[in-house]
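Right, one structure below, let's go through it.
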Protein chains: 2
Amino acid sequence: MSAASHPAPPPATVRSPRAAQVVEAARQLLESKGPDALTMRRLGDVVGIRAPSIYKHFPGKPAVELAMIEDAMVELGTALHRAVVGATRGEAVAALLVAYRATAVAHPNLYRLATSAGLPRQDMAEGLEDWAGEPFYLATGDPHQAQALWAFAHGMVILELDHRFLPDSDLDRTWAAGAAAFVTTVPV
Amino acid sequence: MSAASHPAPPPATVRSPRAAQVVEAARQLLESKGPDALTMRRLGDVVGIRAPSIYKHFPGKPAVELAMIEDAMVELGTALHRAVVGATRGEAVAALLVAYRATAVAHPNLYRLATSAGLPRQDMAEGLEDWAGEPFYLATGDPHQAQALWAFAHGMVILELDHRFLPDSDLDRTWAAGAAAFVTTVPV
DNA sequence: TGACGAGGCTAACGCTGTTAGCTACCCTGG
DNA sequence: CCAGGGTAGCTAACAGCGTTAGCCTCGTCA
């Protein structure tokens, strides 16, 4: 393991070929047609089976969504770890925010799904949440700074995705303002 | 008008007595039973009419929700304006965050409804959005700082409401960390 | 008095997630 | 070699959702 590597995500739950196919189809459906298009019948159509047959592989729609969320967290965590590894403190915050924004904007519906509700933690892969959030601690060196920075990043992304900022906003500068606020501050 | 007053919200759209009753019932239903309980049939039950009759007063469920969102924004904006009026720069940011958090936590489901999706801006009361967001500009004196602070506040609230922070987090300190970050920073 | 809009009603449509029950295949034990 | 059982598909159906069509009954006003 080289000095510039980052910790691997916790082992993912194994999926049967059919289950993996369902999750892949669900993701494609969600990203290309939006959340309203993600129905069990349409999902069955894409896979080539009837909706009730999906229940042979997943206990219900929330379980399919949870699998998608786990995938999204692995990808987001990977991007964030890659951004902070080997960076100095000042660079790390900016690089982390850039990676966070880019990953979320690249898959907006998936990001929304993964973050816009409570998580069934007991059903999630052990340690995945901690691992994905670790880069915020690595970049700030303080748990409260890390949480605050995460809140800022998530707030920015979700408000941007939902077009909640005024239409002519210069969001690059707003991101920069947030980054500056967090790098120039000492932990309380 | 005294020196410690704040600007009044833009005039609200007038509602017939029945329409007001529907919105009030919807809010009570949402807050007490959660978003899944907010159905047109249940809403009719509370008001004392059948679900299809609601369509004599609103074009559809989204219109009822929009009315609730407008009410929520008036209340949030009022609380935020009250918090910043007459405060010094350093105090204003902290007071603003306290008011934001308190208002959101007091009506979690309403806050989620008002912030967790895109807004049909053309159907909203003119100027309401600007007016509700104005305290962020008053507290920071800079539009990008204002947006960044809003993103932080919203991120904190929504992650707290959805129990996304690790269970034993000391969120008071995280809020303080964010406040400190934004008061000690100069505009970029 | 007659017309008409406002606001209620029932019935129904198409959609949703989900369950029950049936069937066909494959693998394994006797 | 055959019986049993699990795996994974199917159709039919249910309850609930938002919404629409069409009807009826008031109150108001020309």
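Residue numbering restarts at 1 in every chain; chains get A, B, ... in the order shown in the structure tokens, and ligands count up from 1 in that same order.
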Using 9 Å as the limit and counting only C-alpha atoms (C1' of nucleotides), can you tabulate each residue of chain A that touches chain D, with its shortest atom-to-atom distance in Å and the two atoms involved, as CSV?
```
residue,atom,partner,partner_atom,distance
A:Ile49,CA,D:DG9,C1',7.8
A:Arg50,CA,D:DC10,C1',7.8
A:Pro52,CA,D:DC10,C1',8.8
A:Ser53,CA,D:DG9,C1',6.6
A:Lys56,CA,D:DA8,C1',6.9
```
Take the residues that were just selected and, keeping C-alpha atoms, output them as a short mmCIF file (atom, residue, chain, number, x, y, z; two decimals), in the first residue's frame.
```cif
data_model
loop_
_atom_site.label_atom_id
_atom_site.label_comp_id
_atom_site.auth_asym_id
_atom_site.auth_seq_id
_atom_site.Cartn_x
_atom_site.Cartn_y
_atom_site.Cartn_z
CA ILE A 49 -39.61 -9.96 -15.38
CA ARG A 50 -42.93 -9.05 -13.75
CA PRO A 52 -44.01 -9.38 -8.20
CA SER A 53 -40.98 -11.46 -9.15
CA LYS A 56 -38.10 -13.03 -4.79
#
```
Selection: 9 Å around range 151-167 of chain A, only C-alpha atoms (C1' of nucleotides), excl. self and same-chain fewer than 4 positions, as a PDB file with N, CA and C atoms, in the first residue's frame:
```pdb
ATOM      1  N   LEU A  97     -14.505  19.785  -1.142  1.00  0.00           N
ATOM      2  CA  LEU A  97     -15.753  20.413  -1.592  1.00  0.00           C
ATOM      3  C   LEU A  97     -15.936  20.248  -3.094  1.00  0.00           C
ATOM      4  N   TYR A 100     -17.007  16.677  -3.685  1.00  0.00           N
ATOM      5  CA  TYR A 100     -18.373  16.452  -3.189  1.00  0.00           C
ATOM      6  C   TYR A 100     -19.383  16.987  -4.197  1.00  0.00           C
ATOM      7  N   ARG A 101     -19.171  18.229  -4.595  1.00  0.00           N
ATOM      8  CA  ARG A 101     -20.093  18.857  -5.533  1.00  0.00           C
ATOM      9  C   ARG A 101     -20.136  18.109  -6.868  1.00  0.00           C
ATOM     10  N   ALA A 104     -21.986  14.729  -6.606  1.00  0.00           N
ATOM     11  CA  ALA A 104     -23.433  14.891  -6.429  1.00  0.00           C
ATOM     12  C   ALA A 104     -24.096  15.362  -7.718  1.00  0.00           C
ATOM     13  N   VAL A 105     -23.490  16.343  -8.361  1.00  0.00           N
ATOM     14  CA  VAL A 105     -24.094  16.915  -9.569  1.00  0.00           C
ATOM     15  C   VAL A 105     -24.081  15.910 -10.718  1.00  0.00           C
ATOM     16  N   PRO A 108     -27.558  13.515  -9.830  1.00  0.00           N
ATOM     17  CA  PRO A 108     -28.410  14.286  -8.911  1.00  0.00           C
ATOM     18  C   PRO A 108     -29.523  13.472  -8.253  1.00  0.00           C
ATOM     19  N   ASN A 109     -30.217  12.652  -9.043  1.00  0.00           N
ATOM     20  CA  ASN A 109     -31.327  11.892  -8.459  1.00  0.00           C
ATOM     21  C   ASN A 109     -30.840  10.844  -7.473  1.00  0.00           C
ATOM     22  N   TYR A 111     -28.081  11.156  -5.677  1.00  0.00           N
ATOM     23  CA  TYR A 111     -27.663  11.890  -4.485  1.00  0.00           C
ATOM     24  C   TYR A 111     -28.875  12.250  -3.627  1.00  0.00           C
ATOM     25  N   ARG A 112     -29.920  12.703  -4.272  1.00  0.00           N
ATOM     26  CA  ARG A 112     -31.131  13.042  -3.526  1.00  0.00           C
ATOM     27  C   ARG A 112     -31.689  11.822  -2.800  1.00  0.00           C
ATOM     28  N   THR A 115     -29.702  10.976   0.331  1.00  0.00           N
ATOM     29  CA  THR A 115     -29.566  11.946   1.419  1.00  0.00           C
ATOM     30  C   THR A 115     -30.876  12.567   1.881  1.00  0.00           C
ATOM     31  N   SER A 116     -31.965  12.296   1.199  1.00  0.00           N
ATOM     32  CA  SER A 116     -33.162  13.074   1.490  1.00  0.00           C
ATOM     33  C   SER A 116     -34.153  12.347   2.389  1.00  0.00           C
ATOM     34  N   ALA A 146     -15.785  19.092  11.103  1.00  0.00           N
ATOM     35  CA  ALA A 146     -16.110  18.132  10.053  1.00  0.00           C
ATOM     36  C   ALA A 146     -17.613  18.081   9.804  1.00  0.00           C
ATOM     37  N   GLN A 147     -18.381  18.004  10.876  1.00  0.00           N
ATOM     38  CA  GLN A 147     -19.841  17.964  10.722  1.00  0.00           C
ATOM     39  C   GLN A 147     -20.362  19.257  10.094  1.00  0.00           C
ATOM     40  N   LEU A 171     -22.735  30.609  -8.070  1.00  0.00           N
ATOM     41  CA  LEU A 171     -22.535  29.616  -7.016  1.00  0.00           C
ATOM     42  C   LEU A 171     -21.073  29.258  -6.802  1.00  0.00           C
ATOM     43  N   THR A 174     -20.003  31.366  -4.117  1.00  0.00           N
ATOM     44  CA  THR A 174     -20.589  30.969  -2.834  1.00  0.00           C
ATOM     45  C   THR A 174     -19.844  29.769  -2.251  1.00  0.00           C
ATOM     46  N   TRP A 175     -19.516  28.810  -3.118  1.00  0.00           N
ATOM     47  CA  TRP A 175     -18.706  27.674  -2.659  1.00  0.00           C
ATOM     48  C   TRP A 175     -17.364  28.171  -2.127  1.00  0.00           C
ATOM     49  N   GLY A 178     -17.703  29.682   1.302  1.00  0.00           N
ATOM     50  CA  GLY A 178     -17.802  28.657   2.339  1.00  0.00           C
ATOM     51  C   GLY A 178     -16.460  28.010   2.623  1.00  0.00           C
TER      52      GLY A 178
ATOM     53  N   THR B 115     -38.816  22.734   2.044  1.00  0.00           N
ATOM     54  CA  THR B 115     -37.439  22.838   1.548  1.00  0.00           C
ATOM     55  C   THR B 115     -36.957  21.632   0.760  1.00  0.00           C
ATOM     56  N   SER B 116     -37.753  20.576   0.708  1.00  0.00           N
ATOM     57  CA  SER B 116     -37.190  19.341   0.172  1.00  0.00           C
ATOM     58  C   SER B 116     -37.589  19.074  -1.264  1.00  0.00           C
ATOM     59  N   ALA B 117     -37.865  20.113  -2.026  1.00  0.00           N
ATOM     60  CA  ALA B 117     -38.168  19.904  -3.440  1.00  0.00           C
ATOM     61  C   ALA B 117     -38.068  21.240  -4.151  1.00  0.00           C
ATOM     62  N   GLY B 118     -38.182  21.184  -5.436  1.00  0.00           N
ATOM     63  CA  GLY B 118     -38.186  22.415  -6.203  1.00  0.00           C
ATOM     64  C   GLY B 118     -39.444  23.215  -5.922  1.00  0.00           C
ATOM     65  N   LEU B 119     -39.352  24.510  -6.120  1.00  0.00           N
ATOM     66  CA  LEU B 119     -40.498  25.382  -5.883  1.00  0.00           C
ATOM     67  C   LEU B 119     -41.132  25.787  -7.207  1.00  0.00           C
ATOM     68  N   ASP B 130     -37.511  36.237  -1.502  1.00  0.00           N
ATOM     69  CA  ASP B 130     -36.487  37.248  -1.234  1.00  0.00           C
ATOM     70  C   ASP B 130     -36.593  37.768   0.194  1.00  0.00           C
ATOM     71  N   GLN B 147     -25.558  33.330   1.102  1.00  0.00           N
ATOM     72  CA  GLN B 147     -25.954  32.035   0.539  1.00  0.00           C
ATOM     73  C   GLN B 147     -25.242  30.885   1.238  1.00  0.00           C
ATOM     74  N   ALA B 148     -23.950  31.088   1.503  1.00  0.00           N
ATOM     75  CA  ALA B 148     -23.178  30.022   2.153  1.00  0.00           C
ATOM     76  C   ALA B 148     -23.711  29.766   3.557  1.00  0.00           C
ATOM     77  N   LEU B 149     -24.053  30.830   4.260  1.00  0.00           N
ATOM     78  CA  LEU B 149     -24.584  30.666   5.617  1.00  0.00           C
ATOM     79  C   LEU B 149     -25.933  29.965   5.587  1.00  0.00           C
ATOM     80  N   TRP B 150     -26.740  30.309   4.610  1.00  0.00           N
ATOM     81  CA  TRP B 150     -28.033  29.643   4.465  1.00  0.00           C
ATOM     82  C   TRP B 150     -27.827  28.146   4.195  1.00  0.00           C
ATOM     83  N   ALA B 151     -26.893  27.849   3.293  1.00  0.00           N
ATOM     84  CA  ALA B 151     -26.626  26.446   2.976  1.00  0.00           C
ATOM     85  C   ALA B 151     -26.190  25.693   4.231  1.00  0.00           C
ATOM     86  N   PHE B 152     -25.339  26.312   5.025  1.00  0.00           N
ATOM     87  CA  PHE B 152     -24.910  25.674   6.272  1.00  0.00           C
ATOM     88  C   PHE B 152     -26.108  25.435   7.186  1.00  0.00           C
ATOM     89  N   ALA B 153     -26.920  26.468   7.378  1.00  0.00           N
ATOM     90  CA  ALA B 153     -28.064  26.347   8.281  1.00  0.00           C
ATOM     91  C   ALA B 153     -29.028  25.270   7.795  1.00  0.00           C
ATOM     92  N   HIS B 154     -29.335  25.292   6.509  1.00  0.00           N
ATOM     93  CA  HIS B 154     -30.258  24.289   5.980  1.00  0.00           C
ATOM     94  C   HIS B 154     -29.669  22.890   6.081  1.00  0.00           C
ATOM     95  N   GLY B 155     -28.405  22.765   5.739  1.00  0.00           N
ATOM     96  CA  GLY B 155     -27.751  21.461   5.843  1.00  0.00           C
ATOM     97  C   GLY B 155     -27.793  20.933   7.262  1.00  0.00           C
ATOM     98  N   MET B 156     -27.468  21.771   8.210  1.00  0.00           N
ATOM     99  CA  MET B 156     -27.501  21.348   9.612  1.00  0.00           C
ATOM    100  C   MET B 156     -28.897  20.892  10.010  1.00  0.00           C
ATOM    101  N   VAL B 157     -29.885  21.704   9.680  1.00  0.00           N
ATOM    102  CA  VAL B 157     -31.256  21.399  10.109  1.00  0.00           C
ATOM    103  C   VAL B 157     -31.743  20.104   9.482  1.00  0.00           C
ATOM    104  N   ILE B 158     -31.541  19.975   8.188  1.00  0.00           N
ATOM    105  CA  ILE B 158     -32.128  18.821   7.507  1.00  0.00           C
ATOM    106  C   ILE B 158     -31.414  17.538   7.923  1.00  0.00           C
ATOM    107  N   LEU B 159     -30.110  17.616   8.129  1.00  0.00           N
ATOM    108  CA  LEU B 159     -29.383  16.427   8.583  1.00  0.00           C
ATOM    109  C   LEU B 159     -29.768  16.081  10.014  1.00  0.00           C
ATOM    110  N   GLY B 178     -19.862  26.223  13.139  1.00  0.00           N
ATOM    111  CA  GLY B 178     -20.269  26.882  11.899  1.00  0.00           C
ATOM    112  C   GLY B 178     -20.422  28.378  12.088  1.00  0.00           C
TER     113      GLY B 178
END
```
Set out as JSON lines a contact list for chain C and chain A with a cut-off of 10 Å, giving each residue of chain C that qualifies its closest atom pair and distance in Å to one decimal, counting only C-alpha atoms (C1' of nucleotides), ordered by chain and rising residue number.
```
{"residue": "C:DT16", "atom": "C1'", "partner": "A:Thr39", "partner_atom": "CA", "distance": 7.8}
{"residue": "C:DG17", "atom": "C1'", "partner": "A:Met40", "partner_atom": "CA", "distance": 7.6}
{"residue": "C:DT18", "atom": "C1'", "partner": "A:Pro52", "partner_atom": "CA", "distance": 8.0}
{"residue": "C:DT19", "atom": "C1'", "partner": "A:Pro52", "partner_atom": "CA", "distance": 9.0}
```
Next, the residues of the selection above should be written as a PDB file, in the first residue's frame with N, CA and C atoms (P, O5', C5', C4', C3', O3' and C1' of nucleotides).
```pdb
ATOM      1  P    DT C  16     -47.194   2.989 -11.964  1.00  0.00           P
ATOM      2  O5'  DT C  16     -47.328   2.853 -10.372  1.00  0.00           O
ATOM      3  C5'  DT C  16     -47.072   3.979  -9.536  1.00  0.00           C
ATOM      4  C4'  DT C  16     -47.344   3.612  -8.088  1.00  0.00           C
ATOM      5  C3'  DT C  16     -46.673   2.333  -7.633  1.00  0.00           C
ATOM      6  O3'  DT C  16     -45.363   2.624  -7.203  1.00  0.00           O
ATOM      7  C1'  DT C  16     -48.939   2.454  -6.840  1.00  0.00           C
ATOM      8  P    DG C  17     -44.307   1.380  -7.100  1.00  0.00           P
ATOM      9  O5'  DG C  17     -44.713   0.671  -5.727  1.00  0.00           O
ATOM     10  C5'  DG C  17     -44.603   1.379  -4.500  1.00  0.00           C
ATOM     11  C4'  DG C  17     -45.150   0.533  -3.356  1.00  0.00           C
ATOM     12  C3'  DG C  17     -44.393  -0.776  -3.114  1.00  0.00           C
ATOM     13  O3'  DG C  17     -44.275  -0.990  -1.717  1.00  0.00           O
ATOM     14  C1'  DG C  17     -46.667  -1.244  -3.622  1.00  0.00           C
ATOM     15  P    DT C  18     -43.407  -2.251  -1.185  1.00  0.00           P
ATOM     16  O5'  DT C  18     -44.518  -3.406  -1.149  1.00  0.00           O
ATOM     17  C5'  DT C  18     -45.691  -3.183  -0.384  1.00  0.00           C
ATOM     18  C4'  DT C  18     -46.661  -4.332  -0.573  1.00  0.00           C
ATOM     19  C3'  DT C  18     -46.039  -5.726  -0.420  1.00  0.00           C
ATOM     20  O3'  DT C  18     -46.503  -6.278   0.801  1.00  0.00           O
ATOM     21  C1'  DT C  18     -47.628  -5.605  -2.206  1.00  0.00           C
ATOM     22  P    DT C  19     -45.991  -7.705   1.309  1.00  0.00           P
ATOM     23  O5'  DT C  19     -47.178  -8.674   0.891  1.00  0.00           O
ATOM     24  C5'  DT C  19     -48.503  -8.391   1.320  1.00  0.00           C
ATOM     25  C4'  DT C  19     -49.460  -9.440   0.768  1.00  0.00           C
ATOM     26  C3'  DT C  19     -48.981 -10.887   0.968  1.00  0.00           C
ATOM     27  O3'  DT C  19     -50.028 -11.603   1.615  1.00  0.00           O
ATOM     28  C1'  DT C  19     -49.616 -10.500  -1.298  1.00  0.00           C
TER      29       DT C  19
END
```
Fill in: Non-local contacts of range 22-32 of chain A (7 Å; only C-alpha atoms (C1' of nucleotides); under 3 positions in same chain excluded) as an MDAnalysis selection string
chainID A and resid 18:19 35 37:38 43 46:47 64 67:68 107 109:110
Worksheet item: In Å, how far is it from CA of Leu96 in chain A to CA of Ala176 in chain B?
Response: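 About the pair CA of Leu96 in chain A and CA of Ala176 in chain B: they are 21.6 Å apart.
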Item to complete: Could you tell me, as a ChimeraX atom specification, which residues of range 75-182 of chain A DSSP assigns to alpha helix (DSSP H) when given the backbone?
Response: /A:75-84,89-106,108-115,128-140,143-161,171-182
Worksheet, complete the sentence: Of A:Leu138, A:Ala92, A:Leu113, A:Ala125, the one nearest to chain B when counting only C-alpha atoms is A:Leu113
Discussion item. List the spatial neighbours of Thr140 in chain A as a ChimeraX atom specification - criterion: any atom at most 9 Å away, only C-alpha atoms (C1' of nucleotides), same-chain residues fewer than 3 positions off excluded.
Written reply: /A:89-90,92-93,135-137,143-146,149,182-183,187
